[in-house]
Amino acid sequence: MKRRELVQGLLAGGALAAVGGCATSSGVPSSAKVVVIGGGYGGATAAKYVRLLSDNSLDVVLIEPNRRFVSCPISNLVVGGVRQMSDITSPYDGLRSQHGVTIVHDMVSAIDVQKKSVRLAGGSEIRYDRLVLSPGIDLMFDGVQGLKQAQADGRILQAWKAGPETLALFRQLEAMRDGGVYAITVPEAPYRCPPGPYERASVVAGYLKKNKPKSKVLILDANPDVTSKGSLFKKAWAELYGGMVEYRGQHKAVAVDAKTLTVKFEVQEDVKADVLNVLPPMRAGALAVQTGLANANARWCHVNYQTFESTAARDIHVLGDSIQVAPLMPKSGHMANNHAKVAAAAIVAQLKGLEVNAKPMLTNTCYSFVSAAEVIHVASVHEYVAAEKTFKTVAGSGGVSAARSEQEASYALAWARNIWADMLA
Amino acid sequence: MTSPRPRWPRASLVSAVLLLIGGAACGQTAQTLQTRSLAATCANCHGTDGKAVQGAAMVPLAGLSKDYIVEQMQAFREGRRPATVMHQIAKGYSVEQVEVLAAYFAGRK
């Protein structure tokens, strides 16, 4: 093993020398023990924890196109005008300065599964012993006719990947007339952040109640009922917003008319809105699909849950929203952070010749704001059950809030600060 | 103390704790790696290695005494200590796992 690594290192050095220092971009290593693609909740955590759990003995390269991390959790508060983008944005510097992770800001254009290397848009190639792929979700705009163009034109936003659209959606609400309709469509599960659409509807209702009280919030859900914390959300809508929030299940969006801001459904009648927020169906990040790892309904990536190694390619560990989930496992940032820790420990064990943990554990806590001041949660604890090769929730654990509270709002914001530090600082 | 869901043989529990007390000089073993991995399931809310962000609402676990952590987890589990979420999380860990976690965090300074 040692000898093979040495030979590989020499070969890499030789290859570098052969191109005579014409490497396309300085500072991009030609190989690393562990390469991580994607600096979100999964990838950033994996990069840090491979370093931590290996006592800094495994070199890690993190590839992420964005210069700064923008969090999806808490981003609905920006949509609702009660937080700024700066509140949900964090630097990547800590991974470099505190943990020695090499960060490359670039896009990956392709993964060569046979050669065990990744090619960057900038032209460089990085070989890996282990690859961690945490590409998040791909929004399937083609799943809703007319949406791709409407989205590109900034007319109908998703704001589901936090970033410029997050603020742009708030600006649309700011510009909306009092008495207007904000409509959000929810795709069929599974999708990123099950309670997220309902949280967004709640926080937007809070903004409109205060600023444009004649307005209305419409939730048009492809699912038969609210997919997460249903009774707590419905109670909040009834008690906090009167008749302002209307929920309609069984509304699967199939087309939009950008000009009139009308959404068409598979069965039900068209709905016209003043601000239309369409969440298209989702699948694993494009790179996972392109690499042939999305082997569950051509949408999600099957993994061996003990290590999060892909079942389609060796030495590639897939994390976060891209995976085919185990029962009762939500697509959440918290869950991705926990996937990353299991994968990091497995990678360290395997590369060090240690036994892989036979019983990894995961936790999940999803906080949702039902107003600017009050929060509800759903929590779960999951254990790997070797006999069934899957994660199951531990019997008797987990649950939802007894009631919405301001106390949980302080926990939600503290959760965010701690998990951002856990992945980045 | 009796365990409703015994998982690890007592010997491995003792060795895990001994290894922790032994400190980092012992080097990485499968057991220490698993202990750190288990402790990492608390880090998302309580900070990496139990060192929570200053001023955040969650309790930093690093440096709390082992007995205190064990007792509090038991209190959460039995509903003796009121909680918003920890009573639900505490029920996800066995008595043995809590012992290992408590020893680990007690050792973080």
# chains A, B, ... in the order shown; residues from 1 in each chain; ligands from 1
>>> interface_residues(of="chain B", to="chain A", cutoff="6 Å", atoms="only C-alpha atoms", output="list in words")
Ala30, Asn44, Cys45, Gly47, Thr48, Val53, Ala56, Ala57, Gln88, Ile89, Lys91 and Gly92 of chain B
>>> write_last_selection(atoms="N, CA and C atoms", output="PDB file, in the first residue's frame")
ATOM      1  N   ALA B  30      -9.649   1.747  16.161  1.00  0.00           N
ATOM      2  CA  ALA B  30     -11.022   1.699  15.664  1.00  0.00           C
ATOM      3  C   ALA B  30     -11.981   2.207  16.737  1.00  0.00           C
ATOM      4  N   ASN B  44     -23.325  19.112  15.832  1.00  0.00           N
ATOM      5  CA  ASN B  44     -24.115  20.000  14.980  1.00  0.00           C
ATOM      6  C   ASN B  44     -24.844  21.062  15.809  1.00  0.00           C
ATOM      7  N   CYS B  45     -25.240  20.685  17.039  1.00  0.00           N
ATOM      8  CA  CYS B  45     -25.915  21.664  17.909  1.00  0.00           C
ATOM      9  C   CYS B  45     -25.017  22.173  19.034  1.00  0.00           C
ATOM     10  N   GLY B  47     -21.567  22.135  19.102  1.00  0.00           N
ATOM     11  CA  GLY B  47     -20.227  22.549  18.698  1.00  0.00           C
ATOM     12  C   GLY B  47     -19.295  21.369  18.503  1.00  0.00           C
ATOM     13  N   THR B  48     -18.344  21.537  17.574  1.00  0.00           N
ATOM     14  CA  THR B  48     -17.337  20.505  17.332  1.00  0.00           C
ATOM     15  C   THR B  48     -16.615  20.201  18.646  1.00  0.00           C
ATOM     16  N   VAL B  53     -20.496  27.564  19.939  1.00  0.00           N
ATOM     17  CA  VAL B  53     -20.239  28.969  19.631  1.00  0.00           C
ATOM     18  C   VAL B  53     -20.631  29.811  20.847  1.00  0.00           C
ATOM     19  N   ALA B  56     -24.335  31.253  22.041  1.00  0.00           N
ATOM     20  CA  ALA B  56     -25.438  30.471  21.482  1.00  0.00           C
ATOM     21  C   ALA B  56     -26.191  29.785  22.622  1.00  0.00           C
ATOM     22  N   ALA B  57     -27.459  29.465  22.353  1.00  0.00           N
ATOM     23  CA  ALA B  57     -28.314  28.978  23.439  1.00  0.00           C
ATOM     24  C   ALA B  57     -27.950  27.579  23.936  1.00  0.00           C
ATOM     25  N   GLN B  88     -36.349  14.107  23.272  1.00  0.00           N
ATOM     26  CA  GLN B  88     -36.551  13.266  22.088  1.00  0.00           C
ATOM     27  C   GLN B  88     -35.224  12.699  21.577  1.00  0.00           C
ATOM     28  N   ILE B  89     -34.168  13.515  21.675  1.00  0.00           N
ATOM     29  CA  ILE B  89     -32.844  13.073  21.222  1.00  0.00           C
ATOM     30  C   ILE B  89     -32.266  12.051  22.214  1.00  0.00           C
ATOM     31  N   LYS B  91     -33.560   9.873  24.018  1.00  0.00           N
ATOM     32  CA  LYS B  91     -34.120   8.516  23.898  1.00  0.00           C
ATOM     33  C   LYS B  91     -33.529   7.753  22.720  1.00  0.00           C
ATOM     34  N   GLY B  92     -32.743   8.412  21.892  1.00  0.00           N
ATOM     35  CA  GLY B  92     -32.119   7.735  20.747  1.00  0.00           C
ATOM     36  C   GLY B  92     -30.789   7.077  21.069  1.00  0.00           C
TER      37      GLY B  92
END
>>> residues_around(residues="Phe105 (chain B)", least_positions_apart="6", cutoff="9 Å", atoms="only C-alpha atoms", output="number ranges by chain")
B: 39, 49-50, 61-66, 69
>>> write_last_selection(atoms="all heavy atoms", output="mmCIF file, in the first residue's frame")
data_model
loop_
_atom_site.group_PDB
_atom_site.id
_atom_site.type_symbol
_atom_site.label_atom_id
_atom_site.label_comp_id
_atom_site.auth_asym_id
_atom_site.auth_seq_id
_atom_site.Cartn_x
_atom_site.Cartn_y
_atom_site.Cartn_z
ATOM 1 N N ALA B 39 -19.502 11.036 19.083
ATOM 2 C CA ALA B 39 -19.546 12.373 19.680
ATOM 3 C C ALA B 39 -19.875 13.433 18.620
ATOM 4 O O ALA B 39 -20.476 14.464 18.932
ATOM 5 C CB ALA B 39 -18.220 12.691 20.357
ATOM 6 N N ASP B 49 -16.541 18.917 18.984
ATOM 7 C CA ASP B 49 -15.935 18.489 20.250
ATOM 8 C C ASP B 49 -16.603 19.132 21.465
ATOM 9 O O ASP B 49 -15.977 19.324 22.510
ATOM 10 C CB ASP B 49 -14.422 18.776 20.263
ATOM 11 C CG ASP B 49 -13.630 17.598 19.701
ATOM 12 O OD1 ASP B 49 -14.185 16.481 19.644
ATOM 13 O OD2 ASP B 49 -12.473 17.800 19.324
ATOM 14 N N GLY B 50 -17.886 19.485 21.307
ATOM 15 C CA GLY B 50 -18.630 20.042 22.439
ATOM 16 C C GLY B 50 -18.303 21.489 22.750
ATOM 17 O O GLY B 50 -18.723 22.010 23.783
ATOM 18 N N LEU B 61 -20.721 21.216 25.747
ATOM 19 C CA LEU B 61 -20.558 19.971 26.504
ATOM 20 C C LEU B 61 -19.120 19.756 26.966
ATOM 21 O O LEU B 61 -18.875 19.036 27.941
ATOM 22 C CB LEU B 61 -20.992 18.783 25.638
ATOM 23 C CG LEU B 61 -22.438 18.822 25.136
ATOM 24 C CD1 LEU B 61 -22.701 17.678 24.165
ATOM 25 C CD2 LEU B 61 -23.421 18.773 26.306
ATOM 26 N N ALA B 62 -18.189 20.380 26.275
ATOM 27 C CA ALA B 62 -16.765 20.155 26.578
ATOM 28 C C ALA B 62 -16.453 20.546 28.016
ATOM 29 O O ALA B 62 -16.791 21.644 28.462
ATOM 30 C CB ALA B 62 -15.895 20.961 25.624
ATOM 31 N N GLY B 63 -15.860 19.615 28.743
ATOM 32 C CA GLY B 63 -15.407 19.911 30.093
ATOM 33 C C GLY B 63 -16.443 19.723 31.178
ATOM 34 O O GLY B 63 -16.126 19.851 32.363
ATOM 35 N N LEU B 64 -17.682 19.421 30.798
ATOM 36 C CA LEU B 64 -18.670 19.085 31.836
ATOM 37 C C LEU B 64 -18.264 17.745 32.445
ATOM 38 O O LEU B 64 -17.627 16.921 31.794
ATOM 39 C CB LEU B 64 -20.076 18.959 31.239
ATOM 40 C CG LEU B 64 -20.717 20.224 30.671
ATOM 41 C CD1 LEU B 64 -22.090 19.894 30.085
ATOM 42 C CD2 LEU B 64 -20.853 21.304 31.742
ATOM 43 N N SER B 65 -18.674 17.533 33.707
ATOM 44 C CA SER B 65 -18.254 16.266 34.319
ATOM 45 C C SER B 65 -19.062 15.111 33.735
ATOM 46 O O SER B 65 -20.212 15.291 33.316
ATOM 47 C CB SER B 65 -18.425 16.319 35.846
ATOM 48 O OG SER B 65 -19.746 15.950 36.195
ATOM 49 N N LYS B 66 -18.424 13.976 33.717
ATOM 50 C CA LYS B 66 -19.052 12.797 33.146
ATOM 51 C C LYS B 66 -20.356 12.478 33.873
ATOM 52 O O LYS B 66 -21.385 12.221 33.236
ATOM 53 C CB LYS B 66 -18.093 11.602 33.238
ATOM 54 C CG LYS B 66 -18.649 10.369 32.577
ATOM 55 C CD LYS B 66 -17.782 9.147 32.805
ATOM 56 C CE LYS B 66 -18.623 7.925 32.458
ATOM 57 N NZ LYS B 66 -18.132 6.714 33.086
ATOM 58 N N ILE B 69 -23.232 14.816 32.882
ATOM 59 C CA ILE B 69 -23.812 14.552 31.552
ATOM 60 C C ILE B 69 -24.704 13.311 31.593
ATOM 61 O O ILE B 69 -25.832 13.309 31.089
ATOM 62 C CB ILE B 69 -22.704 14.394 30.486
ATOM 63 C CG1 ILE B 69 -21.920 15.705 30.328
ATOM 64 C CG2 ILE B 69 -23.323 13.978 29.136
ATOM 65 C CD1 ILE B 69 -20.722 15.620 29.386
#
>>> residues_around(residues="region 135-145 of chain A", least_positions_apart="3", cutoff="8 Å", atoms="only C-alpha atoms", output="MDAnalysis selection string")
chainID A and resid 37:38 40 148 192 253:256 279:288 320:322
>>> write_last_selection(atoms="all heavy atoms", output="short mmCIF file (atom, residue, chain, number, x, y, z; two decimals), in the first residue's frame")
data_model
loop_
_atom_site.label_atom_id
_atom_site.label_comp_id
_atom_site.auth_asym_id
_atom_site.auth_seq_id
_atom_site.Cartn_x
_atom_site.Cartn_y
_atom_site.Cartn_z
N ILE A 37 -16.13 17.13 -3.38
CA ILE A 37 -16.80 18.02 -4.34
C ILE A 37 -18.06 18.58 -3.69
O ILE A 37 -18.97 17.82 -3.33
CB ILE A 37 -17.16 17.28 -5.64
CG1 ILE A 37 -15.89 16.70 -6.29
CG2 ILE A 37 -17.87 18.23 -6.62
CD1 ILE A 37 -16.17 15.85 -7.53
N GLY A 38 -18.10 19.89 -3.54
CA GLY A 38 -19.29 20.54 -2.99
C GLY A 38 -19.06 21.02 -1.57
O GLY A 38 -18.76 20.22 -0.68
N GLY A 40 -21.19 22.44 0.66
CA GLY A 40 -22.41 22.67 1.43
C GLY A 40 -22.36 21.95 2.77
O GLY A 40 -21.29 21.62 3.28
N LYS A 148 -38.36 27.02 -17.28
CA LYS A 148 -36.93 27.27 -17.51
C LYS A 148 -36.71 28.72 -17.96
O LYS A 148 -35.88 29.44 -17.42
CB LYS A 148 -36.41 26.29 -18.56
CG LYS A 148 -34.91 26.16 -18.56
CD LYS A 148 -34.48 25.00 -19.44
CE LYS A 148 -33.04 24.63 -19.17
NZ LYS A 148 -32.70 23.33 -19.80
N ARG A 192 -35.76 18.58 -1.49
CA ARG A 192 -34.92 19.17 -0.45
C ARG A 192 -35.78 19.89 0.60
O ARG A 192 -36.64 20.68 0.25
CB ARG A 192 -33.95 20.17 -1.08
CG ARG A 192 -33.28 21.10 -0.09
CD ARG A 192 -32.31 22.06 -0.74
NE ARG A 192 -31.04 21.39 -1.02
CZ ARG A 192 -29.99 21.98 -1.58
NH1 ARG A 192 -30.05 23.24 -1.95
NH2 ARG A 192 -28.88 21.29 -1.80
N ALA A 253 -48.07 21.08 -10.14
CA ALA A 253 -47.81 22.07 -11.20
C ALA A 253 -47.19 21.39 -12.41
O ALA A 253 -46.25 20.59 -12.28
CB ALA A 253 -46.88 23.15 -10.68
N VAL A 254 -47.72 21.69 -13.59
CA VAL A 254 -47.17 21.09 -14.81
C VAL A 254 -46.72 22.14 -15.83
O VAL A 254 -45.95 21.84 -16.74
CB VAL A 254 -48.16 20.12 -15.49
CG1 VAL A 254 -48.39 18.88 -14.62
CG2 VAL A 254 -49.49 20.79 -15.81
N ALA A 255 -47.22 23.37 -15.69
CA ALA A 255 -46.84 24.41 -16.65
C ALA A 255 -47.03 25.78 -16.02
O ALA A 255 -47.83 25.95 -15.10
CB ALA A 255 -47.67 24.30 -17.92
N VAL A 256 -46.27 26.76 -16.52
CA VAL A 256 -46.47 28.14 -16.10
C VAL A 256 -46.58 29.04 -17.33
O VAL A 256 -46.02 28.74 -18.38
CB VAL A 256 -45.31 28.66 -15.20
CG1 VAL A 256 -45.32 27.97 -13.86
CG2 VAL A 256 -43.96 28.50 -15.90
N LEU A 279 -41.42 25.64 -7.15
CA LEU A 279 -40.36 24.68 -6.83
C LEU A 279 -40.54 23.47 -7.73
O LEU A 279 -41.48 22.71 -7.56
CB LEU A 279 -40.45 24.25 -5.36
CG LEU A 279 -40.55 25.39 -4.33
CD1 LEU A 279 -40.61 24.81 -2.92
CD2 LEU A 279 -39.37 26.34 -4.47
N PRO A 280 -39.64 23.30 -8.70
CA PRO A 280 -39.79 22.18 -9.63
C PRO A 280 -39.43 20.86 -8.96
O PRO A 280 -38.85 20.86 -7.86
CB PRO A 280 -38.81 22.52 -10.75
CG PRO A 280 -37.77 23.37 -10.10
CD PRO A 280 -38.45 24.12 -8.99
N PRO A 281 -39.71 19.73 -9.60
CA PRO A 281 -39.23 18.45 -9.07
C PRO A 281 -37.71 18.47 -8.96
O PRO A 281 -37.04 19.25 -9.65
CB PRO A 281 -39.68 17.42 -10.12
CG PRO A 281 -40.69 18.11 -10.96
CD PRO A 281 -40.43 19.57 -10.87
N MET A 282 -37.17 17.65 -8.09
CA MET A 282 -35.72 17.67 -7.83
C MET A 282 -35.12 16.29 -8.01
O MET A 282 -35.82 15.28 -7.92
CB MET A 282 -35.47 18.18 -6.41
CG MET A 282 -36.01 19.59 -6.20
SD MET A 282 -35.95 20.14 -4.49
CE MET A 282 -37.18 21.45 -4.54
N ARG A 283 -33.82 16.30 -8.26
CA ARG A 283 -33.07 15.05 -8.30
C ARG A 283 -31.65 15.32 -7.81
O ARG A 283 -31.31 16.46 -7.49
CB ARG A 283 -33.06 14.46 -9.70
CG ARG A 283 -32.31 15.30 -10.71
CD ARG A 283 -32.26 14.60 -12.07
NE ARG A 283 -31.70 15.49 -13.08
CZ ARG A 283 -31.62 15.20 -14.36
NH1 ARG A 283 -32.07 14.04 -14.81
NH2 ARG A 283 -31.09 16.05 -15.21
N ALA A 284 -30.83 14.27 -7.80
CA ALA A 284 -29.45 14.43 -7.34
C ALA A 284 -28.74 15.46 -8.20
O ALA A 284 -29.07 15.63 -9.39
CB ALA A 284 -28.72 13.09 -7.43
N GLY A 285 -27.76 16.14 -7.64
CA GLY A 285 -26.97 17.13 -8.36
C GLY A 285 -26.50 16.61 -9.70
O GLY A 285 -26.21 15.42 -9.87
N ALA A 286 -26.42 17.51 -10.67
CA ALA A 286 -26.16 17.14 -12.07
C ALA A 286 -24.90 16.28 -12.21
O ALA A 286 -24.88 15.32 -13.00
CB ALA A 286 -26.04 18.40 -12.92
N LEU A 287 -23.87 16.59 -11.44
CA LEU A 287 -22.61 15.83 -11.57
C LEU A 287 -22.80 14.36 -11.19
O LEU A 287 -22.22 13.47 -11.81
CB LEU A 287 -21.53 16.48 -10.71
CG LEU A 287 -20.12 15.95 -10.88
CD1 LEU A 287 -19.61 16.11 -12.31
CD2 LEU A 287 -19.18 16.62 -9.88
N ALA A 288 -23.63 14.11 -10.19
CA ALA A 288 -23.90 12.73 -9.78
C ALA A 288 -24.66 12.00 -10.89
O ALA A 288 -24.37 10.83 -11.19
CB ALA A 288 -24.71 12.71 -8.49
N GLY A 320 -25.70 13.67 1.50
CA GLY A 320 -26.67 14.77 1.52
C GLY A 320 -27.88 14.53 0.65
O GLY A 320 -28.35 13.40 0.49
N ASP A 321 -28.38 15.63 0.09
CA ASP A 321 -29.65 15.59 -0.61
C ASP A 321 -29.65 14.67 -1.83
O ASP A 321 -30.70 14.28 -2.31
CB ASP A 321 -30.05 17.01 -1.05
CG ASP A 321 -30.36 17.92 0.12
OD1 ASP A 321 -30.58 17.40 1.23
OD2 ASP A 321 -30.38 19.15 -0.08
N SER A 322 -28.45 14.33 -2.34
CA SER A 322 -28.38 13.52 -3.56
C SER A 322 -28.72 12.04 -3.35
O SER A 322 -28.99 11.34 -4.32
CB SER A 322 -26.97 13.59 -4.17
OG SER A 322 -26.85 14.71 -5.00
#
>>> residues_around(residues="region 232-238 of chain A", least_positions_apart="5", cutoff="9 Å", atoms="only C-alpha atoms", output="PyMOL selection string")
chain A and resi 198-199+202+205+226+243-247+370-371+376+400-404
>>> select_by_dssp(residues="region 93-294 of chain A", states="helix (DSSP H, G or I)", output="NGL selection string")
:A and (93-97 or 141-143 or 147-152 or 164-175 or 196-211 or 230-241 or 286-290)
